[in-house]
$ cat my_file25.cif   # mmCIF, C-alpha atoms
data_query
loop_
_atom_site.group_PDB
_atom_site.id
_atom_site.type_symbol
_atom_site.label_atom_id
_atom_site.label_comp_id
_atom_site.auth_asym_id
_atom_site.auth_seq_id
_atom_site.Cartn_x
_atom_site.Cartn_y
_atom_site.Cartn_z
ATOM 1 C CA PRO B 1373 0.000 0.000 0.000
ATOM 2 C CA THR B 1374 0.946 3.649 -0.431
ATOM 3 C CA ALA B 1375 3.261 5.122 2.248
ATOM 4 C CA SER B 1376 4.014 1.723 3.769
ATOM 5 C CA GLY B 1377 7.809 2.058 3.567
ATOM 6 C CA LYS B 1378 8.498 0.066 0.398
ATOM 7 C CA THR B 1379 11.215 2.453 -0.795
ATOM 8 C CA ALA B 1380 12.885 2.604 2.617
ATOM 9 C CA GLY B 1381 12.864 -1.184 2.807
ATOM 10 C CA ALA B 1382 14.348 -1.585 -0.654
ATOM 11 C CA LEU B 1383 17.046 1.000 0.061
ATOM 12 C CA SER B 1384 17.893 -0.737 3.335
ATOM 13 C CA LEU B 1385 18.398 -3.980 1.426
ATOM 14 C CA ALA B 1386 20.492 -2.130 -1.173
ATOM 15 C CA ARG B 1387 22.899 -1.022 1.543
ATOM 16 C CA ALA B 1388 23.486 -4.668 2.494
ATOM 17 C CA LEU B 1389 23.159 -6.501 -0.825
ATOM 18 C CA PRO B 1390 24.210 -5.872 -4.412
ATOM 19 C CA LEU B 1391 20.850 -5.191 -6.005
ATOM 20 C CA GLU B 1392 19.040 -2.985 -8.465
ATOM 21 C CA ILE B 1393 15.553 -1.575 -8.052
ATOM 22 C CA ILE B 1394 12.901 -1.746 -10.764
ATOM 23 C CA SER B 1395 10.149 0.747 -9.974
ATOM 24 C CA VAL B 1396 6.597 -0.487 -10.395
ATOM 25 C CA ASP B 1397 5.020 2.889 -9.582
ATOM 26 C CA SER B 1398 2.905 3.975 -12.537
ATOM 27 C CA ALA B 1399 3.649 7.688 -11.977
ATOM 28 C CA LEU B 1400 7.433 7.376 -11.668
ATOM 29 C CA VAL B 1401 7.953 6.375 -15.301
ATOM 30 C CA TYR B 1402 7.096 9.944 -16.321
ATOM 31 C CA ARG B 1403 9.700 12.705 -16.449
ATOM 32 C CA ASP B 1404 8.926 16.022 -14.785
ATOM 33 C CA MET B 1405 6.188 14.519 -12.592
ATOM 34 C CA ASP B 1406 7.986 15.140 -9.308
ATOM 35 C CA ILE B 1407 5.144 16.810 -7.421
ATOM 36 C CA GLY B 1408 2.474 14.425 -6.177
ATOM 37 C CA THR B 1409 4.621 11.335 -6.613
ATOM 38 C CA ALA B 1410 6.897 9.534 -4.192
ATOM 39 C CA LYS B 1411 9.860 9.843 -6.541
ATOM 40 C CA PRO B 1412 13.102 8.888 -4.740
ATOM 41 C CA SER B 1413 15.464 11.733 -3.908
ATOM 42 C CA ALA B 1414 18.821 12.138 -5.646
ATOM 43 C CA ALA B 1415 20.514 10.637 -2.574
ATOM 44 C CA GLU B 1416 18.171 7.632 -2.642
ATOM 45 C CA LEU B 1417 18.718 7.153 -6.372
ATOM 46 C CA ALA B 1418 22.496 7.169 -5.765
ATOM 47 C CA THR B 1419 22.223 4.239 -3.333
ATOM 48 C CA CYS B 1420 21.898 1.675 -6.126
ATOM 49 C CA PRO B 1421 20.802 1.481 -9.759
ATOM 50 C CA HIS B 1422 17.114 2.310 -10.249
ATOM 51 C CA HIS B 1423 15.082 1.491 -13.351
ATOM 52 C CA LEU B 1424 11.813 2.705 -14.889
ATOM 53 C CA ILE B 1425 12.025 6.160 -13.322
ATOM 54 C CA ASP B 1426 11.816 9.217 -15.609
ATOM 55 C CA VAL B 1427 11.789 7.150 -18.799
ATOM 56 C CA VAL B 1428 8.961 8.762 -20.807
ATOM 57 C CA SER B 1429 7.446 12.185 -21.318
ATOM 58 C CA PRO B 1430 4.006 12.784 -19.765
ATOM 59 C CA GLU B 1431 2.740 13.372 -23.308
ATOM 60 C CA ASP B 1432 3.674 9.801 -24.264
ATOM 61 C CA ALA B 1433 1.628 6.694 -23.558
ATOM 62 C CA TYR B 1434 3.116 4.001 -21.352
ATOM 63 C CA SER B 1435 0.975 0.890 -21.288
ATOM 64 C CA ALA B 1436 0.927 -2.196 -19.095
ATOM 65 C CA ALA B 1437 2.218 -4.158 -22.085
ATOM 66 C CA ARG B 1438 5.181 -1.813 -22.470
ATOM 67 C CA PHE B 1439 5.834 -2.012 -18.715
ATOM 68 C CA ARG B 1440 5.846 -5.807 -18.908
ATOM 69 C CA ALA B 1441 8.252 -5.807 -21.844
ATOM 70 C CA ASP B 1442 10.577 -3.330 -20.103
ATOM 71 C CA ASP B 1443 10.364 -5.260 -16.839
ATOM 72 C CA VAL B 1444 11.136 -8.641 -18.422
ATOM 73 C CA ARG B 1445 14.080 -7.120 -20.311
ATOM 74 C CA LEU B 1446 15.443 -5.408 -17.196
ATOM 75 C CA MET B 1447 15.137 -8.552 -15.066
ATOM 76 C CA ALA B 1448 17.107 -10.502 -17.665
ATOM 77 C CA GLU B 1449 19.799 -7.798 -17.888
ATOM 78 C CA ILE B 1450 20.107 -7.522 -14.108
ATOM 79 C CA SER B 1451 20.237 -11.294 -13.682
ATOM 80 C CA ALA B 1452 22.930 -11.534 -16.357
ATOM 81 C CA ARG B 1453 25.016 -9.028 -14.371
ATOM 82 C CA GLY B 1454 24.658 -11.215 -11.289
#
$ encode --input "my_file25.cif" --output "structure tokens"
Amino acid sequence: PTASGKTAGALSLARALPLEIISVDSALVYRDMDIGTAKPSAAELATCPHHLIDVVSPEDAYSAARFRADDVRLMAEISARG
């Protein structure tokens, strides 16, 4: 649920484990949508690699199908890196 500490939990794990975060927040994929979203701060983003944040313009469509394709690709790339 919203405001349950998901980001804090993921960042805590990132401090202990080599991991990358794939955002599943539907608002975070859009650039320039910083107000009204729980977009991680610059310091949080520097903790570990983050994906699917600020990837499309708000004028562009980003569908569930595109999210799935991006997510599957990213999981394969991250797994290949170990």
$ atom_distance --input "my_file25.cif" --atom1 "CA of Pro1390 in chain B" --atom2 "CA of Ser1413 in chain B"
19.7 Å
$ resolve_selection --input "my_file25.cif" --expression "the PyMOL selection byres ((chain B and resi 1443-1448) around 10)" --output "list in words"
Glu1392, Ile1393, Ile1394, Ser1395, Val1396, His1423, Leu1424, Ala1437, Arg1438, Phe1439, Arg1440, Ala1441, Asp1442, Glu1449, Ile1450, Ser1451, Ala1452, Arg1453 and Gly1454 of chain B
$ write_last_selection --input "my_file25.cif" --atoms "C-alpha atoms" --output "compact mmCIF listing (two decimals), in the frame of the given file"
# COMPACT_ATOMS: atom_id res chain seq x y z
CA GLU B 1392 19.04 -2.98 -8.46
CA ILE B 1393 15.55 -1.58 -8.05
CA ILE B 1394 12.90 -1.75 -10.76
CA SER B 1395 10.15 0.75 -9.97
CA VAL B 1396 6.60 -0.49 -10.40
CA HIS B 1423 15.08 1.49 -13.35
CA LEU B 1424 11.81 2.70 -14.89
CA ALA B 1437 2.22 -4.16 -22.08
CA ARG B 1438 5.18 -1.81 -22.47
CA PHE B 1439 5.83 -2.01 -18.72
CA ARG B 1440 5.85 -5.81 -18.91
CA ALA B 1441 8.25 -5.81 -21.84
CA ASP B 1442 10.58 -3.33 -20.10
CA GLU B 1449 19.80 -7.80 -17.89
CA ILE B 1450 20.11 -7.52 -14.11
CA SER B 1451 20.24 -11.29 -13.68
CA ALA B 1452 22.93 -11.53 -16.36
CA ARG B 1453 25.02 -9.03 -14.37
CA GLY B 1454 24.66 -11.22 -11.29
$ residues_around --input "my_file25.cif" --residues "Asp1397 in chain B" --least-positions-apart "4" --cutoff "10 Å" --atoms "all atoms listed in the file" --output "ChimeraX atom specification"
/B:1401-1402,1409-1411,1424-1425
$ residues_around --input "my_file25.cif" --residues "Pro1412 in chain B" --least-positions-apart "3" --cutoff "10 Å" --atoms "all atoms listed in the file" --output "ChimeraX atom specification"
/B:1379-1380,1400,1406,1409,1415-1418,1422,1425
$ atom_distance --input "my_file25.cif" --atom1 "CA of Pro1421 in chain B" --atom2 "CA of Leu1391 in chain B"
7.7 Å
$ atom_distance --input "my_file25.cif" --atom1 "CA of Asp1426 in chain B" --atom2 "CA of Ser1398 in chain B"
10.8 Å
$ axis_aligned_box --input "my_file25.cif" --around "range 1430-1435 of chain B" --padding-each-side "8 Å" --output "JSON"
{"center_x": 2.5, "center_y": 7.1, "center_z": -22.0, "size_x": 19.0, "size_y": 28.5, "size_z": 20.5}
$ closest_residue --input "my_file25.cif" --among "B:Ala1375, B:Ala1399, B:Ala1382, B:Ala1388" --to "Ser1435 in chain B" --atoms "only C-alpha atoms"
B:Ala1399
$ resolve_selection --input "my_file25.cif" --expression "the PyMOL selection byres ((chain B and resi 1431) around 12)" --output "tab-separated table (two decimals) with C-alpha atoms, keeping the file's coordinate frame"
chain	number	residue	atom	x	y	z
B	1401	VAL	CA	7.95	6.38	-15.30
B	1402	TYR	CA	7.10	9.94	-16.32
B	1403	ARG	CA	9.70	12.70	-16.45
B	1404	ASP	CA	8.93	16.02	-14.78
B	1405	MET	CA	6.19	14.52	-12.59
B	1427	VAL	CA	11.79	7.15	-18.80
B	1428	VAL	CA	8.96	8.76	-20.81
B	1429	SER	CA	7.45	12.18	-21.32
B	1430	PRO	CA	4.01	12.78	-19.76
B	1432	ASP	CA	3.67	9.80	-24.26
B	1433	ALA	CA	1.63	6.69	-23.56
B	1434	TYR	CA	3.12	4.00	-21.35
$ build_atoms --input "my_file25.cif" --residues "range 1375-1386 of chain B" --atoms "all heavy atoms" --output "mmCIF file, in the frame of the given file"
data_model
loop_
_atom_site.group_PDB
_atom_site.id
_atom_site.type_symbol
_atom_site.label_atom_id
_atom_site.label_comp_id
_atom_site.auth_asym_id
_atom_site.auth_seq_id
_atom_site.Cartn_x
_atom_site.Cartn_y
_atom_site.Cartn_z
ATOM 1 N N ALA B 1375 2.651 4.621 1.004
ATOM 2 C CA ALA B 1375 3.261 5.122 2.248
ATOM 3 C C ALA B 1375 3.483 4.038 3.288
ATOM 4 O O ALA B 1375 3.423 4.291 4.484
ATOM 5 C CB ALA B 1375 2.429 6.263 2.819
ATOM 6 N N SER B 1376 3.771 2.825 2.824
ATOM 7 C CA SER B 1376 4.014 1.723 3.769
ATOM 8 C C SER B 1376 5.491 1.453 4.004
ATOM 9 O O SER B 1376 5.838 0.538 4.741
ATOM 10 C CB SER B 1376 3.327 0.445 3.277
ATOM 11 O OG SER B 1376 3.892 0.038 2.034
ATOM 12 N N GLY B 1377 6.381 2.226 3.356
ATOM 13 C CA GLY B 1377 7.809 2.058 3.567
ATOM 14 C C GLY B 1377 8.504 1.164 2.562
ATOM 15 O O GLY B 1377 9.605 0.672 2.819
ATOM 16 N N LYS B 1378 7.897 0.952 1.408
ATOM 17 C CA LYS B 1378 8.498 0.066 0.398
ATOM 18 C C LYS B 1378 9.855 0.587 -0.062
ATOM 19 O O LYS B 1378 10.812 -0.190 -0.155
ATOM 20 C CB LYS B 1378 7.564 -0.082 -0.809
ATOM 21 C CG LYS B 1378 6.229 -0.720 -0.493
ATOM 22 C CD LYS B 1378 5.339 -0.841 -1.713
ATOM 23 C CE LYS B 1378 4.963 0.476 -2.334
ATOM 24 N NZ LYS B 1378 4.043 1.318 -1.563
ATOM 25 N N THR B 1379 9.946 1.883 -0.341
ATOM 26 C CA THR B 1379 11.215 2.453 -0.795
ATOM 27 C C THR B 1379 12.269 2.350 0.289
ATOM 28 O O THR B 1379 13.404 1.930 0.018
ATOM 29 C CB THR B 1379 11.027 3.916 -1.235
ATOM 30 O OG1 THR B 1379 10.110 3.945 -2.331
ATOM 31 C CG2 THR B 1379 12.342 4.540 -1.671
ATOM 32 N N ALA B 1380 11.924 2.686 1.506
ATOM 33 C CA ALA B 1380 12.885 2.604 2.617
ATOM 34 C C ALA B 1380 13.369 1.174 2.803
ATOM 35 O O ALA B 1380 14.564 0.936 3.029
ATOM 36 C CB ALA B 1380 12.252 3.125 3.905
ATOM 37 N N GLY B 1381 12.480 0.217 2.683
ATOM 38 C CA GLY B 1381 12.864 -1.184 2.807
ATOM 39 C C GLY B 1381 13.799 -1.625 1.696
ATOM 40 O O GLY B 1381 14.796 -2.311 1.942
ATOM 41 N N ALA B 1382 13.495 -1.226 0.481
ATOM 42 C CA ALA B 1382 14.348 -1.585 -0.654
ATOM 43 C C ALA B 1382 15.721 -0.946 -0.522
ATOM 44 O O ALA B 1382 16.746 -1.579 -0.788
ATOM 45 C CB ALA B 1382 13.680 -1.168 -1.962
ATOM 46 N N LEU B 1383 15.763 0.316 -0.093
ATOM 47 C CA LEU B 1383 17.046 1.000 0.061
ATOM 48 C C LEU B 1383 17.857 0.401 1.200
ATOM 49 O O LEU B 1383 19.084 0.324 1.125
ATOM 50 C CB LEU B 1383 16.833 2.495 0.266
ATOM 51 C CG LEU B 1383 16.273 3.230 -0.947
ATOM 52 C CD1 LEU B 1383 15.937 4.671 -0.605
ATOM 53 C CD2 LEU B 1383 17.227 3.156 -2.124
ATOM 54 N N SER B 1384 17.202 -0.061 2.239
ATOM 55 C CA SER B 1384 17.893 -0.737 3.335
ATOM 56 C C SER B 1384 18.544 -2.026 2.828
ATOM 57 O O SER B 1384 19.702 -2.317 3.149
ATOM 58 C CB SER B 1384 16.909 -1.040 4.463
ATOM 59 O OG SER B 1384 17.550 -1.711 5.515
ATOM 60 N N LEU B 1385 17.818 -2.767 2.027
ATOM 61 C CA LEU B 1385 18.398 -3.980 1.426
ATOM 62 C C LEU B 1385 19.567 -3.636 0.514
ATOM 63 O O LEU B 1385 20.573 -4.342 0.483
ATOM 64 C CB LEU B 1385 17.329 -4.740 0.628
ATOM 65 C CG LEU B 1385 16.297 -5.510 1.425
ATOM 66 C CD1 LEU B 1385 15.213 -6.055 0.499
ATOM 67 C CD2 LEU B 1385 16.950 -6.643 2.197
ATOM 68 N N ALA B 1386 19.441 -2.534 -0.231
ATOM 69 C CA ALA B 1386 20.492 -2.130 -1.173
ATOM 70 C C ALA B 1386 21.789 -1.768 -0.459
ATOM 71 O O ALA B 1386 22.864 -1.869 -1.038
ATOM 72 C CB ALA B 1386 20.019 -0.957 -2.024
#
